[in-house]
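Structure data (mmCIF, C-alpha atoms and all ligand atoms) from upload.cif:
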data_structure
loop_
_atom_site.label_atom_id
_atom_site.label_comp_id
_atom_site.auth_asym_id
_atom_site.auth_seq_id
_atom_site.Cartn_x
_atom_site.Cartn_y
_atom_site.Cartn_z
CA MET A 1 21.65 11.42 -38.89
CA MET A 2 20.26 7.89 -39.18
CA SER A 3 16.49 7.42 -39.43
CA PRO A 4 14.82 5.09 -36.88
CA VAL A 5 14.53 2.48 -39.64
CA SER A 6 18.25 2.72 -40.52
CA ARG A 7 19.15 2.58 -36.83
CA GLY A 8 16.94 -0.46 -36.42
CA LEU A 9 18.48 -2.15 -39.43
CA ALA A 10 21.97 -1.40 -38.16
CA ALA A 11 21.04 -2.89 -34.79
CA LEU A 12 19.65 -5.93 -36.58
CA LEU A 13 22.93 -6.42 -38.44
CA PHE A 14 24.91 -6.41 -35.23
CA MET A 15 22.69 -8.94 -33.45
CA THR A 16 24.56 -12.10 -32.59
CA GLY A 17 21.90 -14.84 -32.72
CA SER A 18 23.16 -17.88 -34.63
CA ALA A 19 20.42 -17.59 -37.25
CA LEU A 20 21.29 -13.97 -37.88
CA ALA A 21 24.98 -14.70 -37.98
CA ALA A 22 24.19 -16.86 -41.02
CA ALA A 23 21.89 -14.27 -42.55
CA PRO A 24 22.36 -14.27 -46.33
CA ASP A 25 20.85 -10.82 -46.86
CA ILE A 26 20.58 -7.53 -45.01
CA ASP A 27 16.87 -7.70 -44.38
CA GLY A 28 16.89 -10.19 -41.50
CA TYR A 29 15.64 -13.18 -43.51
CA VAL A 30 17.24 -16.62 -43.35
CA ASN A 31 16.32 -19.62 -45.44
CA SER A 32 15.65 -22.12 -42.71
CA GLY A 33 14.29 -25.14 -44.54
CA VAL A 34 10.65 -25.93 -45.15
CA THR A 35 8.78 -27.50 -42.24
CA LEU A 36 5.20 -28.79 -42.05
CA ASP A 37 3.74 -25.43 -41.03
CA GLY A 38 6.51 -23.05 -42.06
CA ILE A 39 7.39 -21.46 -45.39
CA GLY A 40 11.11 -22.23 -45.14
CA ARG A 41 12.16 -18.75 -44.11
CA SER A 42 12.88 -17.14 -40.76
CA TYR A 43 12.82 -13.47 -39.88
CA MET A 44 14.85 -12.20 -36.94
CA GLY A 45 15.03 -15.73 -35.55
CA ARG A 46 11.30 -16.50 -35.97
CA GLU A 47 10.10 -19.12 -38.44
CA ILE A 48 7.35 -17.71 -40.68
CA ALA A 49 4.09 -19.67 -40.82
CA HIS A 50 2.08 -20.66 -43.87
CA VAL A 51 -0.87 -18.44 -44.75
CA MET A 52 -4.18 -19.80 -43.54
CA GLY A 53 -6.14 -20.60 -46.68
CA HIS A 54 -9.58 -19.15 -47.30
CA GLU A 55 -10.91 -22.72 -47.17
CA GLY A 56 -10.44 -22.47 -43.39
CA ALA A 57 -12.54 -19.33 -42.98
CA ASP A 58 -15.20 -21.29 -41.08
CA TRP A 59 -12.69 -21.63 -38.24
CA LEU A 60 -12.47 -17.84 -37.99
CA ASP A 61 -16.26 -17.61 -37.85
CA ARG A 62 -16.81 -20.55 -35.49
CA PRO A 63 -19.50 -19.80 -32.91
CA GLU A 64 -17.30 -20.89 -29.99
CA ARG A 65 -14.53 -18.42 -30.92
CA ASP A 66 -15.75 -15.75 -28.54
CA LYS A 67 -16.12 -18.23 -25.69
CA GLU A 68 -12.58 -19.56 -26.25
CA GLU A 69 -10.74 -16.34 -27.12
CA SER A 70 -13.01 -13.50 -25.90
CA SER A 71 -12.56 -12.09 -29.41
CA SER A 72 -15.47 -9.68 -29.03
CA ARG A 73 -13.43 -7.87 -26.36
CA VAL A 74 -10.65 -6.88 -28.77
CA VAL A 75 -12.22 -3.88 -30.49
CA PRO A 76 -13.38 -2.24 -27.22
CA LEU A 77 -9.74 -2.46 -26.04
CA LEU A 78 -8.55 -0.34 -28.98
CA GLY A 79 -9.85 3.01 -27.73
CA LEU A 80 -11.17 4.05 -31.15
CA LYS A 81 -12.78 7.42 -31.87
CA PRO A 82 -15.90 7.50 -34.11
CA THR A 83 -13.97 9.40 -36.79
CA ASP A 84 -10.87 7.19 -36.83
CA ILE A 85 -9.45 5.77 -40.04
CA VAL A 86 -8.40 2.21 -39.29
CA ALA A 87 -7.11 -0.85 -41.12
CA ASP A 88 -7.60 -4.54 -40.47
CA ILE A 89 -4.60 -6.17 -42.15
CA GLY A 90 -5.04 -9.88 -42.65
CA ALA A 91 -8.76 -9.28 -42.29
CA GLY A 92 -9.76 -12.82 -43.24
CA SER A 93 -13.53 -13.17 -43.37
CA GLY A 94 -14.00 -9.88 -41.52
CA TYR A 95 -14.58 -10.85 -37.89
CA PHE A 96 -12.83 -7.68 -36.69
CA THR A 97 -13.56 -5.57 -39.76
CA PHE A 98 -17.28 -5.47 -38.99
CA ARG A 99 -16.74 -4.73 -35.31
CA MET A 100 -14.39 -1.87 -36.15
CA SER A 101 -16.85 -0.57 -38.75
CA ALA A 102 -19.44 -0.17 -35.98
CA ALA A 103 -16.87 1.56 -33.73
CA VAL A 104 -15.89 4.22 -36.33
CA PRO A 105 -19.26 5.26 -37.86
CA GLN A 106 -17.83 8.54 -39.20
CA GLY A 107 -14.50 6.99 -40.10
CA ARG A 108 -13.33 4.24 -42.41
CA VAL A 109 -12.07 0.65 -42.17
CA TYR A 110 -9.65 -0.67 -44.76
CA ALA A 111 -9.99 -4.46 -44.79
CA VAL A 112 -6.77 -5.76 -46.31
CA ASP A 113 -6.01 -9.32 -47.29
CA ILE A 114 -3.90 -11.08 -49.92
CA GLN A 115 -6.66 -13.63 -50.61
CA LYS A 116 -9.38 -12.27 -52.87
CA GLU A 117 -11.69 -15.02 -51.63
CA MET A 118 -11.50 -13.59 -48.09
CA LEU A 119 -12.35 -10.11 -49.36
CA ASP A 120 -15.25 -11.56 -51.35
CA MET A 121 -16.66 -12.99 -48.10
CA ILE A 122 -16.46 -9.53 -46.51
CA LYS A 123 -18.14 -7.91 -49.51
CA ALA A 124 -20.90 -10.53 -49.46
CA ARG A 125 -21.65 -9.67 -45.80
CA GLN A 126 -21.08 -5.93 -46.05
CA GLY A 127 -24.74 -4.87 -46.21
CA ASN A 128 -25.08 -1.28 -45.02
CA ALA A 129 -21.57 -1.03 -43.65
CA ALA A 130 -20.58 1.64 -46.18
CA ASN A 131 -17.45 2.68 -44.29
CA ILE A 132 -15.60 -0.54 -45.19
CA THR A 133 -13.17 -0.51 -48.12
CA THR A 134 -11.70 -3.85 -49.11
CA VAL A 135 -8.11 -3.82 -50.36
CA LEU A 136 -6.32 -6.67 -52.11
CA GLY A 137 -2.84 -6.33 -50.65
CA GLY A 138 0.47 -7.59 -51.97
CA ILE A 139 2.65 -9.90 -49.84
CA GLY A 140 4.85 -6.93 -48.92
CA ASP A 141 2.44 -4.05 -49.34
CA PRO A 142 -0.99 -3.53 -47.75
CA ARG A 143 -1.68 -0.72 -50.27
CA LEU A 144 -2.93 1.76 -47.69
CA PRO A 145 -3.01 5.55 -48.07
CA VAL A 146 0.30 7.09 -47.04
CA GLY A 147 0.10 8.84 -43.67
CA GLY A 148 -3.64 8.22 -43.59
CA VAL A 149 -4.33 5.66 -40.87
CA ASP A 150 -4.90 6.14 -37.12
CA LEU A 151 -4.77 2.49 -36.07
CA ILE A 152 -3.86 -0.79 -37.73
CA LEU A 153 -5.19 -4.02 -36.24
CA LEU A 154 -3.34 -7.26 -36.91
CA VAL A 155 -5.05 -10.29 -35.41
CA ASP A 156 -3.35 -13.64 -35.85
CA ALA A 157 -1.93 -12.43 -39.16
CA TYR A 158 1.51 -10.85 -38.70
CA HIS A 159 3.21 -14.20 -38.01
CA GLU A 160 1.99 -15.33 -41.46
CA PHE A 161 3.43 -12.39 -43.36
CA SER A 162 5.99 -13.88 -45.75
CA ARG A 163 7.64 -10.46 -46.01
CA PRO A 164 7.23 -9.02 -42.49
CA ARG A 165 9.97 -6.44 -42.94
CA GLU A 166 8.43 -5.00 -46.10
CA MET A 167 4.95 -5.11 -44.54
CA GLY A 168 6.31 -3.37 -41.46
CA LEU A 169 7.89 -0.58 -43.48
CA ALA A 170 4.65 -0.12 -45.42
CA ILE A 171 2.69 -0.03 -42.16
CA MET A 172 5.01 2.72 -40.92
CA ARG A 173 4.34 4.71 -44.10
CA ALA A 174 0.57 4.26 -43.77
CA LEU A 175 0.33 5.36 -40.13
CA LYS A 176 -0.24 8.99 -39.24
CA PRO A 177 2.40 10.41 -36.85
CA GLY A 178 1.33 9.10 -33.45
CA GLY A 179 -0.74 6.37 -35.15
CA ARG A 180 -0.84 2.99 -33.47
CA ILE A 181 -0.82 -0.68 -34.27
CA ALA A 182 -2.53 -3.33 -32.16
CA LEU A 183 -0.67 -6.60 -32.68
CA VAL A 184 -2.73 -9.53 -31.46
CA GLU A 185 -0.88 -12.83 -31.35
CA TYR A 186 -1.28 -16.08 -29.39
CA ARG A 187 1.05 -15.93 -26.40
CA GLY A 188 4.32 -17.66 -27.24
CA GLU A 189 5.31 -17.82 -23.58
CA ASP A 190 2.28 -19.84 -22.50
CA GLN A 191 2.32 -23.52 -23.42
CA LYS A 192 -1.26 -23.87 -22.14
CA VAL A 193 -2.48 -21.94 -25.20
CA PRO A 194 -3.60 -24.73 -27.57
CA ILE A 195 -1.92 -23.42 -30.73
CA LYS A 196 1.18 -24.67 -32.56
CA ASP A 197 4.37 -22.78 -31.71
CA ILE A 198 4.76 -21.37 -35.21
CA HIS A 199 1.41 -19.58 -34.85
CA ARG A 200 2.37 -17.73 -31.66
CA MET A 201 4.69 -14.90 -30.70
CA THR A 202 6.41 -13.94 -27.50
CA GLN A 203 6.30 -10.32 -26.42
CA ALA A 204 10.08 -10.17 -26.60
CA GLN A 205 10.06 -11.27 -30.25
CA ALA A 206 7.26 -8.87 -31.19
CA LYS A 207 8.97 -5.95 -29.49
CA LYS A 208 12.22 -6.76 -31.29
CA GLU A 209 10.53 -6.88 -34.70
CA MET A 210 8.57 -3.67 -34.14
CA ALA A 211 11.58 -1.80 -32.72
CA VAL A 212 13.60 -2.20 -35.93
CA LEU A 213 10.79 -0.41 -37.76
CA GLY A 214 10.91 2.50 -35.33
CA LEU A 215 7.63 1.58 -33.64
CA VAL A 216 7.53 2.30 -29.92
CA TRP A 217 5.92 -0.20 -27.53
CA GLN A 218 3.18 1.44 -25.47
CA ARG A 219 1.53 -1.32 -23.47
CA THR A 220 0.35 -4.91 -23.60
CA ASP A 221 -3.13 -5.96 -22.58
CA ASP A 222 -3.11 -9.56 -21.36
CA SER A 223 -6.76 -9.77 -20.37
CA LEU A 224 -7.65 -12.16 -23.22
CA PRO A 225 -7.37 -15.84 -22.38
CA TRP A 226 -4.94 -16.82 -25.16
CA GLN A 227 -3.56 -13.71 -26.88
CA HIS A 228 -1.38 -10.72 -26.21
CA VAL A 229 -2.81 -7.42 -27.43
CA MET A 230 0.35 -5.37 -27.94
CA PHE A 231 0.14 -1.67 -28.73
CA PHE A 232 2.94 0.13 -30.57
CA ALA A 233 3.00 3.74 -31.82
CA LYS A 234 4.70 5.59 -34.63
CA PRO A 235 6.62 8.51 -33.13
CA THR A 236 5.11 11.94 -33.69
CA THR A 237 8.44 13.31 -34.87
CA PRO A 238 10.69 11.55 -37.42
C1 LIG A 301 -5.41 -16.60 -39.47
S1 LIG A 301 -6.17 -15.45 -40.57
C2 LIG A 301 -6.81 -14.25 -39.43
C3 LIG A 301 -7.97 -13.46 -40.00
C4 LIG A 301 -8.59 -12.39 -39.07
N1 LIG A 301 -7.61 -11.42 -38.64
C5 LIG A 301 -9.25 -13.02 -37.88
O1 LIG A 301 -8.60 -13.11 -36.83
O2 LIG A 301 -10.40 -13.44 -38.00
C6 LIG A 301 -4.79 -14.60 -41.30
C7 LIG A 301 -5.11 -13.80 -42.53
O3 LIG A 301 -3.95 -13.02 -42.88
C8 LIG A 301 -3.90 -12.96 -44.29
N2 LIG A 301 -2.53 -12.59 -44.71
C9 LIG A 301 -1.41 -13.33 -44.69
N3 LIG A 301 -0.38 -12.63 -45.17
C10 LIG A 301 -0.85 -11.40 -45.50
C11 LIG A 301 -0.27 -10.22 -46.03
N4 LIG A 301 1.03 -10.14 -46.34
N5 LIG A 301 -1.06 -9.15 -46.22
C12 LIG A 301 -2.38 -9.20 -45.91
N6 LIG A 301 -2.99 -10.29 -45.41
C13 LIG A 301 -2.23 -11.38 -45.20
C14 LIG A 301 -4.32 -14.34 -44.73
O4 LIG A 301 -4.73 -14.35 -46.08
C15 LIG A 301 -5.46 -14.65 -43.74
O5 LIG A 301 -6.70 -14.24 -44.26
#

Please go through the file and, once you have read it, give me the structure as structure tokens.
Ligand SMILES: C[S@@+](CC[C@H](N)C(=O)[O-])C[C@H]1O[C@@H](n2cnc3c(N)ncnc32)[C@H](O)[C@@H]1O
Amino acid sequence: MMSPVSRGLAALLFMTGSALAAAPDIDGYVNSGVTLDGIGRSYMGREIAHVMGHEGADWLDRPERDKEESSSRVVPLLGLKPTDIVADIGAGSGYFTFRMSAAVPQGRVYAVDIQKEMLDMIKARQGNAANITTVLGGIGDPRLPVGGVDLILLVDAYHEFSRPREMGLAIMRALKPGGRIALVEYRGEDQKVPIKDIHRMTQAQAKKEMAVLGLVWQRTDDSLPWQHVMFFAKPTTP
């Protein structure tokens, strides 16, 4: 019997998109040539964006962010319980880490990033928020406890993962059965959203990439002005 991941991979191999037809390996990656904002690799037909450097952290903390993006409404949408164990992968300077920390006072927040400088900013602001653990992740491994996480939040980060397949498989391992991810990405379908195409995702693309991991789409909240908040769950039975 094939596992959901094997089934997903098999489905991926039989997809007929031109990029995939030229796929040089079995993991869905294609070398697509370096562009201004891309790393020169595509995954399942989507060009992967450069990582936002820690030098740009001010943009994440800009005072007008909430007015533009209603970012403060994200954590209330997650339906967290006070005891939940959560992770903020691609935490950046901690905008969502601190909000989740307040929402899970008896739980824990793993703030994961591949840039130590970002984690240093979180540590510098941590104060009394003792339920935050910073984790220096690898490009294909968020280094989370296996089967230990109720919800993983990914805000404006997944499209930057240079190894989305490996990250996705690691996310599946980290989630408890029934655990969820909230994938927040600028809406790829809406040209009015003032963000370059490479930094957005359509729902169709996100669903395709999550399905090959075995994640099941639950719902999409489109109440934010610019972003989809897409919820996916790990099945309770393998
Ligand atoms: C655009 S920032 C968003 C930060 C934060 N989520 C926010 O919205 O304020 C994306 C972050 O993802 C991080 N990142 C990129 N690839 C990553 C990976 N494979 N694992 C963990 N973090 C990653 C980057 O270092 C960067 O800090």

Show me which residues sit within 7 Å of ligand LIG 301 (chain A) when counting all atoms listed in the file, and put them as an NGL selection string. :A and (51-54 or 60 or 89-96 or 112-115 or 118 or 137-142 or 154-158 or 160-163 or 167)

Since we have the selection now, will you write its residues out, keeping C-alpha atoms, as a PDB file, in the coordinates of the input?
ATOM      1  CA  VAL A  51      -0.870 -18.440 -44.750  1.00  0.00           C
ATOM      2  CA  MET A  52      -4.180 -19.800 -43.540  1.00  0.00           C
ATOM      3  CA  GLY A  53      -6.140 -20.600 -46.680  1.00  0.00           C
ATOM      4  CA  HIS A  54      -9.580 -19.150 -47.300  1.00  0.00           C
ATOM      5  CA  LEU A  60     -12.470 -17.840 -37.990  1.00  0.00           C
ATOM      6  CA  ILE A  89      -4.600  -6.170 -42.150  1.00  0.00           C
ATOM      7  CA  GLY A  90      -5.040  -9.880 -42.650  1.00  0.00           C
ATOM      8  CA  ALA A  91      -8.760  -9.280 -42.290  1.00  0.00           C
ATOM      9  CA  GLY A  92      -9.760 -12.820 -43.240  1.00  0.00           C
ATOM     10  CA  SER A  93     -13.530 -13.170 -43.370  1.00  0.00           C
ATOM     11  CA  GLY A  94     -14.000  -9.880 -41.520  1.00  0.00           C
ATOM     12  CA  TYR A  95     -14.580 -10.850 -37.890  1.00  0.00           C
ATOM     13  CA  PHE A  96     -12.830  -7.680 -36.690  1.00  0.00           C
ATOM     14  CA  VAL A 112      -6.770  -5.760 -46.310  1.00  0.00           C
ATOM     15  CA  ASP A 113      -6.010  -9.320 -47.290  1.00  0.00           C
ATOM     16  CA  ILE A 114      -3.900 -11.080 -49.920  1.00  0.00           C
ATOM     17  CA  GLN A 115      -6.660 -13.630 -50.610  1.00  0.00           C
ATOM     18  CA  MET A 118     -11.500 -13.590 -48.090  1.00  0.00           C
ATOM     19  CA  GLY A 137      -2.840  -6.330 -50.650  1.00  0.00           C
ATOM     20  CA  GLY A 138       0.470  -7.590 -51.970  1.00  0.00           C
ATOM     21  CA  ILE A 139       2.650  -9.900 -49.840  1.00  0.00           C
ATOM     22  CA  GLY A 140       4.850  -6.930 -48.920  1.00  0.00           C
ATOM     23  CA  ASP A 141       2.440  -4.050 -49.340  1.00  0.00           C
ATOM     24  CA  PRO A 142      -0.990  -3.530 -47.750  1.00  0.00           C
ATOM     25  CA  LEU A 154      -3.340  -7.260 -36.910  1.00  0.00           C
ATOM     26  CA  VAL A 155      -5.050 -10.290 -35.410  1.00  0.00           C
ATOM     27  CA  ASP A 156      -3.350 -13.640 -35.850  1.00  0.00           C
ATOM     28  CA  ALA A 157      -1.930 -12.430 -39.160  1.00  0.00           C
ATOM     29  CA  TYR A 158       1.510 -10.850 -38.700  1.00  0.00           C
ATOM     30  CA  GLU A 160       1.990 -15.330 -41.460  1.00  0.00           C
ATOM     31  CA  PHE A 161       3.430 -12.390 -43.360  1.00  0.00           C
ATOM     32  CA  SER A 162       5.990 -13.880 -45.750  1.00  0.00           C
ATOM     33  CA  ARG A 163       7.640 -10.460 -46.010  1.00  0.00           C
ATOM     34  CA  MET A 167       4.950  -5.110 -44.540  1.00  0.00           C
TER      35      MET A 167
END

Got a sec: who's within 10 Å of A:Leu36, counting all atoms listed in the file, leaving out chain neighbours fewer than 3 positions off, as a list in words?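 Those residues are Ile39, Gly40, Ala49 and His50 of chain A.
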
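Checking A:Pro238, A:Gly179, A:Gly127, A:Gly188 one by one against A:Leu153, counting only C-alpha atoms, you find the shortest gap at A:Gly179.
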
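Proximity to A:Pro225 was assessed for A:Met44, A:Ala206, A:Val74, A:Val30 counting all atoms listed in the file; the smallest distance is recorded for A:Val74.
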
Atomic separation - atom CA of A:Pro235 relative to atom CA of A:Gly214, Å: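 One can read the atom CA of A:Gly214 to atom CA of A:Pro235 distance as 7.7 Å.
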